[in-house]
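Below: the structure, in structure tokens.
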Protein chains: 4
Amino acid sequence: MRSLAGIHGPVVTPFDATTEDVVVDRFTANIRAHLDAGLDGILVAGSTGEAALLEESERRLLLEAARAVIPPDRVLLAGIGGESSRITIRRARDAGAAGADAVLVVSPHYYTSSMTPAALRDHFVRVADESPVPVLLYNIPKYAHFALSPELVQELSRHGNIAGMKDSAGDLAILERYVQSQRDDFAVLTGNGPTFAGALALGVTGGILAVALYAPAQSRDVYDAAMRDDADGARAAQARMADAARIIVGELGVPGVKAALDEIGLQGGIPRSPLRALDASARARVTELVRGLSRTEPADRARGAGAPVA
Amino acid sequence: MRSLAGIHGPVVTPFDATTEDVVVDRFTANIRAHLDAGLDGILVAGSTGEAALLEESERRLLLEAARAVIPPDRVLLAGIGGESSRITIRRARDAGAAGADAVLVVSPHYYTSSMTPAALRDHFVRVADESPVPVLLYNIPKYAHFALSPELVQELSRHGNIAGMKDSAGDLAILERYVQSQRDDFAVLTGNGPTFAGALALGVTGGILAVALYAPAQSRDVYDAAMRDDADGARAAQARMADAARIIVGELGVPGVKAALDEIGLQGGIPRSPLRALDASARARVTELVRGLSRTEPADRARGAGAPVA
Amino acid sequence: MRSLAGIHGPVVTPFDATTEDVVVDRFTANIRAHLDAGLDGILVAGSTGEAALLEESERRLLLEAARAVIPPDRVLLAGIGGESSRITIRRARDAGAAGADAVLVVSPHYYTSSMTPAALRDHFVRVADESPVPVLLYNIPKYAHFALSPELVQELSRHGNIAGMKDSAGDLAILERYVQSQRDDFAVLTGNGPTFAGALALGVTGGILAVALYAPAQSRDVYDAAMRDDADGARAAQARMADAARIIVGELGVPGVKAALDEIGLQGGIPRSPLRALDASARARVTELVRGLSRTEPADRARGAGAPVA
Amino acid sequence: MRSLAGIHGPVVTPFDATTEDVVVDRFTANIRAHLDAGLDGILVAGSTGEAALLEESERRLLLEAARAVIPPDRVLLAGIGGESSRITIRRARDAGAAGADAVLVVSPHYYTSSMTPAALRDHFVRVADESPVPVLLYNIPKYAHFALSPELVQELSRHGNIAGMKDSAGDLAILERYVQSQRDDFAVLTGNGPTFAGALALGVTGGILAVALYAPAQSRDVYDAAMRDDADGARAAQARMADAARIIVGELGVPGVKAALDEIGLQGGIPRSPLRALDASARARVTELVRGLSRTEPADRARGAGAPVA
């Protein structure tokens, strides 16, 4: 039985610079390096993995290649969410057959206004009923253009094959409601780097964090401090990686993450079209941010009494 | 050489009520009925066709079945837009091989904030360079969560293999700029039923209209009046179908269109999960609206001088 | 009894460049020039008049000064909408006492989520019950962050002291519903220059148009063509002023309108802080657009058959 | 010299149920009760005080009445933000004359798209230059429809007469950047009850919290636990008031806060039109939530390891 605690890496998908074909050996080289750097698990075909840009056969190829290099004591998660329940279920079976430990299911969202709580509930229940491995809900309003309500998450958390959720929104008031309203073994994972320390303070189980791909030690510092109930230490560690998370993942997106991997000697390279490689100025920013990760000192700021006003 | 003038039907995809499998003979029966009712062309795998919910093999099956029943003098359009340039190009080739006359390419939109004008321009140019048949741009902010700018459309209209566009937004101030800024043989088609008469008054080439699937005569009245420069007649005809377009397509969506087809004796049936069939109250509303289509008399309203205010 | 038909000018409020005080004689000089140029009425304290930036005493001063120079056969409208019913009613009485022919009431909008249809209905009814002069509803989602529903407008149009509405959204599908659902003497005025011809084609009574302040002849051409049922002529005239309306009013806003007035020899000058005067590059754009107004030839574009696609 | 540390109450403005006139003695009775309950300061004419619905003379009346009952060792803050710099400065002088210790300045927002960082910076600097008392910036995207950027806050924090800010957005990732980027005596106050514990964990100086008007002891529990670095205690106390903050303030708004005051024997009463008193069902919900405040036990939830997934 594997736990979802800890830090998981939503790995990128490396492409050939000319043909844009998937390059599997660069993909597995990255995974080996991430595991060596201490990550607890790997997510294949997430948003950072450009899943939306992949053919079905490529998804299967990547999952099988990943499982082959991930030892049994580390977790393999597979992003499988599609617009139809049927495609999502078919992918869940493919993922189970390829050895995934759990599947991550983003809300269908193309027909945005039809995605009522009832439609979403039925979808997730159907998928969970049919999936051979546990299901994780995935809340990412940035791309889905709506959020999962805490009430719906609470209801779905009672399903025996829904093991948890990933929240990439980073709204801590809502995250707190996700955390508090669930049964004890429902895993809430954050996908939002800039609020990692805050999320851990609210009791999340762990994170699936793109920043952890190029800043694993710094991410681990945040997590370890939180686990020993050192809130100040977690906040200080968070401050050291804050800009590298917010700007590279939040502003520059997948091409930024790939550039950051290049910067630390891993396999980033180009994104697949229509995503575009960073221009020189953005790349220089990534260089500076990644180099800054090793230099930054802990924040050391006492709470002030505030300005005297009279 | 086929023109895109006239009214095209974005056909639905019928599914088995139990298995949700595609039912091809119901699909082709609908197409025959739409052509008999006078539609000038057929769009397969559009938003109304639940394209986002289909497997790749189903898309091909539907295109081939459609071409088999559409005579050479009627247009077959194929919705092919995907998130990656590579998938979109592969589908364009599939569509060309299946006999499509042109392909409709919705903007990639999952990575919303990365879809800059430059990224979109490169994407559409790559697709148009590689597509064996002409490309139509597709603007649908309701689902893509952003609009194509008139400046980008103008630039892309110079590409020899970009034959036109479909606009489903229905913002006539922007539509006017799409229409005015293009080369003369660039076809602008509206996908917005409630503004069909207004769009024709601005000079659009025709429409790809879900309302025309269940109200073909009423849609034709609008078009014919506009073609003989009878603006008042076009507006009156528009008024007769206004509610049936706005409420069934705009509010009830694909399940509403399928219910309206059931109502006129064609093959609607259930949508694919997570879309849900209408409840009884919404279905009764569709019944009333469809029956009202044959009864409604032309609007007869003179321009008033406005209220006297003093 | 005065009608609201025709074109009304939402006049600017000139300020001293140093003190930002209202300069009344520049204000009245503008009004005389607008009336000489053929405008049918004047709106004081609209959004273009920077009403939100004025003290109550300044509103009264401007209304009285306006009435003194507007002959009895031209209409004086007063913008009075406030956040509370009580302030709006007090301003309606002030405006009536100052000689306004009707008052324009923007929806309260600060407490956005509380502005339910029921709350808005009660507000407008209270104001209309107490106002000594007829009330015009004002729909401007750009600033209010929500739109008035056609259903609410229809209901309110039955009130004996609600004489009409101004719509600045320019969504013609909704505008058509405003126009069609009202009693015959309910005046619908558009405040959206880029869709003026389209709005007239739908049957609106007239316009309250910032573009008419610096392009009165071009605005009149659109209106006159529409009145003689010359839709093509209206569209051609619209095309001649399209950029000057869209860019100066829509993109550059009040500072743009003031710069355009400077350009034609009227009194524009600076806006009040925090609005900022245009920078040199934007000002040059205004110069070019205003000069272009007199040179532009009618659009001459036939409807094409669209691109041949096969 | 007074500090802004602690918990401040954004008091409501009681109105006569028939005339909607301000009732000053109910207003001062509330203030006395809030101070007796331990609040450190009072904000007059905030959003909860229905400031947008008040006449200028009423704002002055309320400030003077408040100062008369607030002892010199407690803070009096005045909401003064207007759409123009000139009105805001005039109100700052009025507030200083009435004895306010500092003024709270919401961003101008009517001309939303013109409120660039440069326009906002100039506005706040002009107001701070002229204000006789220190200025607090006010970030409330729910009503202003945009947020103050951390970069702008950092720049403005260097002004000698800008003493701090209030943030009601409750986005902790941005709040953290407000807190970290300022000079040490810049006071960041949260206005967001549901994230009070989280905000204190990030180092804010205190709160201006509507929930503290009807749940002062529970709010104090959160604050006191945070001050003694007991993060778990703060979170437990937060959980006890979470629903009462989120539903009454966040969903029901000012009418909800007034109903909650009625519930604890203070002076709530009706809001001013167009705000509407709660209906019976919402009022019953407030009753239940307020009664629940005294009963709720601390949350007692350990961090789980998450669901085992394989």
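Residue numbering restarts at 1 for every chain of the structure tokens, chains are lettered A, B, ... in their displayed order, and ligands are numbered from 1 as they appear.
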
Could you produce a table of the residues of range 134-208 of chain B lying within 12 Å of range 28-43 of chain B, with the nearest pair of atoms per residue and their separation in Å rounded to one decimal, using only C-alpha atoms, ordered by chain and increasing residue number, as CSV?
```
residue,atom,partner,partner_atom,distance
B:Leu136,CA,B:Leu43,CA,11.7
B:Lys166,CA,B:Leu43,CA,11.4
B:Gly191,CA,B:Leu43,CA,11.3
B:Gly206,CA,B:Asp40,CA,9.7
B:Gly207,CA,B:Asp40,CA,9.8
B:Ile208,CA,B:Leu43,CA,7.6
```

Store the residues picked out above in a file with C-alpha atoms, as an mmCIF file, in the first residue's frame.
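Final output, saved to part.cif:
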```cif
data_model
loop_
_atom_site.group_PDB
_atom_site.id
_atom_site.type_symbol
_atom_site.label_atom_id
_atom_site.label_comp_id
_atom_site.auth_asym_id
_atom_site.auth_seq_id
_atom_site.Cartn_x
_atom_site.Cartn_y
_atom_site.Cartn_z
ATOM 1 C CA LEU B 136 -11.718 27.864 -41.887
ATOM 2 C CA LYS B 166 -16.854 30.807 -38.616
ATOM 3 C CA GLY B 191 -22.542 30.371 -36.095
ATOM 4 C CA GLY B 206 -23.741 32.440 -44.828
ATOM 5 C CA GLY B 207 -24.239 30.524 -41.628
ATOM 6 C CA ILE B 208 -23.391 27.259 -39.881
#
```

Skipping near chain neighbours, those fewer than 4 positions away, what residues fall within 7 Å of Val127 in chain D using only C-alpha atoms, listed as a list in words?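 After dropping sequence-adjacent residues, the list is Ser85, Thr88, Ile89, His123 and Ser131 of chain D.
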
Find the residues in chain A near chain B: any atom within 8 Å counts, using only C-alpha atoms. Write them as a list in words.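 On the chain A side, the interface is Ala52, Leu53, Leu54, Glu55, Gly82, Glu83, Ser84, Ser85, Arg86, Ile87, Pro108, Tyr110, Tyr111, Thr112, Ser114, Met115, Ala119, Leu120, Asp122, His123, Tyr143, Ala144, Gly253, Arg272, Ser273, Pro274, Leu275 and Arg276 of chain A.
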
For Leu61 in chain C, work out the shell of residues within 10 Å, counting only C-alpha atoms and skipping chain neighbours fewer than 6 positions away, then give it as a ChimeraX atom specification. /C:22,24,98

Those of range 23-253 of chain B in DSSP strand (DSSP E), formatted as a PyMOL selection string: chain B and resi 41-44+75-79+102-106+135-139+162-167+187-190+206-208

Can you list, as a short mmCIF file (atom, residue, chain, number, x, y, z; two decimals) with N, CA and C atoms, in the first residue's frame, every protein, DNA or RNA residue that comes within 10 Å of Leu148 in chain D when you count only C-alpha atoms, leaving out same-chain residues fewer than 5 positions away?
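File produced: around11.cif:
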```cif
data_model
loop_
_atom_site.label_atom_id
_atom_site.label_comp_id
_atom_site.auth_asym_id
_atom_site.auth_seq_id
_atom_site.Cartn_x
_atom_site.Cartn_y
_atom_site.Cartn_z
N SER D 107 -9.29 51.99 -4.04
CA SER D 107 -8.90 52.42 -5.38
C SER D 107 -10.11 52.99 -6.11
N THR D 116 -4.74 52.28 -14.59
CA THR D 116 -3.43 51.69 -14.78
C THR D 116 -2.60 51.88 -13.51
N PRO D 117 -1.52 51.11 -13.36
CA PRO D 117 -0.65 51.33 -12.20
C PRO D 117 -0.19 52.78 -12.09
N LEU D 120 -3.07 54.91 -10.73
CA LEU D 120 -3.31 54.63 -9.31
C LEU D 120 -2.19 55.20 -8.44
N LEU D 137 -3.98 52.09 2.07
CA LEU D 137 -4.49 51.63 0.78
C LEU D 137 -5.54 50.55 1.03
N TYR D 138 -6.46 50.41 0.09
CA TYR D 138 -7.54 49.42 0.30
C TYR D 138 -7.72 48.60 -0.97
N ASN D 139 -7.46 47.31 -0.85
CA ASN D 139 -7.57 46.38 -1.98
C ASN D 139 -8.81 45.51 -1.81
N ILE D 140 -9.80 45.70 -2.67
CA ILE D 140 -11.04 44.92 -2.57
C ILE D 140 -11.57 44.62 -3.97
N PRO D 141 -10.95 43.59 -4.62
CA PRO D 141 -11.32 43.27 -6.02
C PRO D 141 -12.79 42.91 -6.18
N VAL D 153 2.11 48.31 -4.46
CA VAL D 153 2.06 48.48 -3.01
C VAL D 153 3.46 48.71 -2.46
N ASP D 167 -6.33 44.55 3.01
CA ASP D 167 -6.57 43.64 1.90
C ASP D 167 -7.78 42.77 2.19
N ILE D 174 -0.83 36.38 -2.78
CA ILE D 174 -0.58 37.82 -3.00
C ILE D 174 -0.37 38.51 -1.67
N TYR D 178 2.46 41.18 -0.35
CA TYR D 178 2.24 42.48 0.28
C TYR D 178 3.07 42.56 1.57
#
```

Shell around Met227 in chain A at 10 Å using only C-alpha atoms, local window under 4 positions removed, as a PyMOL selection string: (chain A and resi 6+200-201+203+221-223+231+234) or (chain D and resi 303)

Gln267 in chain B: which residues within 12 Å, counting only C-alpha atoms, same-chain residues fewer than 3 positions away excluded, as a PDB file with C-alpha atoms, in the first residue's frame?
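Now in out.pdb:
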```pdb
ATOM      1  CA  VAL B  11     -25.118  17.932 -37.364  1.00  0.00           C
ATOM      2  CA  VAL B  12     -25.489  16.096 -34.092  1.00  0.00           C
ATOM      3  CA  THR B  13     -23.966  12.708 -33.343  1.00  0.00           C
ATOM      4  CA  PRO B  14     -26.661  10.180 -32.326  1.00  0.00           C
ATOM      5  CA  PHE B  15     -25.748   7.694 -29.594  1.00  0.00           C
ATOM      6  CA  ASP B  16     -27.292   4.451 -28.417  1.00  0.00           C
ATOM      7  CA  ALA B  17     -29.324   5.199 -25.302  1.00  0.00           C
ATOM      8  CA  VAL B  22     -22.331   6.084 -32.162  1.00  0.00           C
ATOM      9  CA  VAL B  23     -25.301   4.973 -34.273  1.00  0.00           C
ATOM     10  CA  VAL B  24     -24.259   5.609 -37.851  1.00  0.00           C
ATOM     11  CA  ASP B  25     -27.542   4.971 -39.604  1.00  0.00           C
ATOM     12  CA  ARG B  26     -29.342   7.527 -37.447  1.00  0.00           C
ATOM     13  CA  PHE B  27     -26.545   9.944 -38.258  1.00  0.00           C
ATOM     14  CA  THR B  28     -26.879   9.513 -42.018  1.00  0.00           C
ATOM     15  CA  ALA B  29     -30.682   9.570 -41.804  1.00  0.00           C
ATOM     16  CA  ASN B  30     -30.439  13.027 -40.238  1.00  0.00           C
ATOM     17  CA  ILE B  31     -28.080  14.251 -42.949  1.00  0.00           C
ATOM     18  CA  ARG B  32     -30.411  13.089 -45.711  1.00  0.00           C
ATOM     19  CA  ALA B  33     -33.287  14.875 -44.015  1.00  0.00           C
ATOM     20  CA  HIS B  34     -31.291  18.100 -43.570  1.00  0.00           C
ATOM     21  CA  LEU B 213     -31.241  21.649 -38.111  1.00  0.00           C
ATOM     22  CA  TYR B 214     -34.744  21.900 -36.652  1.00  0.00           C
ATOM     23  CA  VAL B 257     -30.811  20.626 -30.017  1.00  0.00           C
ATOM     24  CA  LYS B 258     -31.144  16.849 -29.781  1.00  0.00           C
ATOM     25  CA  ALA B 259     -34.546  17.202 -28.095  1.00  0.00           C
ATOM     26  CA  ALA B 260     -35.669  19.581 -30.859  1.00  0.00           C
ATOM     27  CA  LEU B 261     -34.671  17.006 -33.467  1.00  0.00           C
ATOM     28  CA  ASP B 262     -36.716  14.380 -31.630  1.00  0.00           C
ATOM     29  CA  GLU B 263     -39.596  16.834 -31.728  1.00  0.00           C
ATOM     30  CA  ILE B 264     -39.572  17.107 -35.540  1.00  0.00           C
ATOM     31  CA  ILE B 270     -29.319  11.366 -25.545  1.00  0.00           C
ATOM     32  CA  PRO B 271     -26.044  13.254 -25.398  1.00  0.00           C
TER      33      PRO B 271
END
```

Write out as a PyMOL selection string the set of residues from range 183-261 of chain D that DSSP, computed on the backbone, places in helix (DSSP H, G or I). chain D and resi 193-201+211-214+216-227+231-261

Please produce a file of the residues just selected, as a compact mmCIF listing (two decimals), in the first residue's frame, where the atoms kept are C-alpha atoms.
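So the final result, stored in part36.txt, reads:
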```
# COMPACT_ATOMS: atom_id res chain seq x y z
CA GLY D 193 -12.44 36.72 7.85
CA PRO D 194 -12.21 33.21 6.37
CA THR D 195 -8.42 33.53 6.02
CA PHE D 196 -7.67 35.42 9.25
CA ALA D 197 -5.53 32.67 10.80
CA GLY D 198 -3.67 32.14 7.54
CA ALA D 199 -3.05 35.87 7.18
CA LEU D 200 -1.70 36.12 10.73
CA ALA D 201 0.59 33.17 9.99
CA VAL D 211 -17.11 39.02 11.63
CA ALA D 212 -15.51 40.62 14.69
CA LEU D 213 -18.60 42.81 15.11
CA TYR D 214 -20.75 39.80 16.07
CA PRO D 216 -15.45 39.38 18.91
CA ALA D 217 -14.36 36.65 21.33
CA GLN D 218 -13.90 34.08 18.59
CA SER D 219 -11.91 36.57 16.49
CA ARG D 220 -9.79 37.41 19.50
CA ASP D 221 -9.08 33.70 20.08
CA VAL D 222 -7.60 33.48 16.59
CA TYR D 223 -5.50 36.59 17.06
CA ASP D 224 -4.23 35.69 20.53
CA ALA D 225 -3.23 32.18 19.50
CA ALA D 226 -1.33 33.57 16.52
CA MET D 227 0.43 36.14 18.72
CA ALA D 231 -0.55 28.02 14.77
CA ASP D 232 -2.65 24.97 15.59
CA GLY D 233 -4.61 26.93 18.16
CA ALA D 234 -5.19 29.73 15.69
CA ARG D 235 -6.44 27.29 13.08
CA ALA D 236 -8.74 25.60 15.57
CA ALA D 237 -10.18 28.95 16.64
CA GLN D 238 -10.56 29.91 13.00
CA ALA D 239 -12.50 26.73 12.31
CA ARG D 240 -14.95 27.66 15.05
CA MET D 241 -15.92 30.90 13.30
CA ALA D 242 -15.32 29.85 9.68
CA ASP D 243 -18.92 29.39 8.56
CA ALA D 244 -20.12 32.45 10.42
CA ALA D 245 -17.53 34.54 8.56
CA ARG D 246 -17.86 32.97 5.14
CA ILE D 247 -21.62 32.75 4.89
CA ILE D 248 -22.75 35.85 6.77
CA VAL D 249 -20.16 38.30 5.42
CA GLY D 250 -19.19 36.63 2.16
CA GLU D 251 -22.54 35.38 0.93
CA LEU D 252 -25.17 37.47 2.69
CA GLY D 253 -23.20 40.72 2.83
CA VAL D 254 -24.17 43.85 4.72
CA PRO D 255 -27.78 42.72 5.34
CA GLY D 256 -26.37 39.51 6.82
CA VAL D 257 -24.03 41.40 9.16
CA LYS D 258 -26.89 43.62 10.29
CA ALA D 259 -29.05 40.56 10.99
CA ALA D 260 -26.21 39.01 13.00
CA LEU D 261 -25.98 42.17 15.10
```

Rounded to one decimal place, report the CA of Ala5 in chain C-CA of Ala102 in chain C distance in Å.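 Answer for the CA of Ala5 in chain C to CA of Ala102 in chain C separation: 13.3 Å.
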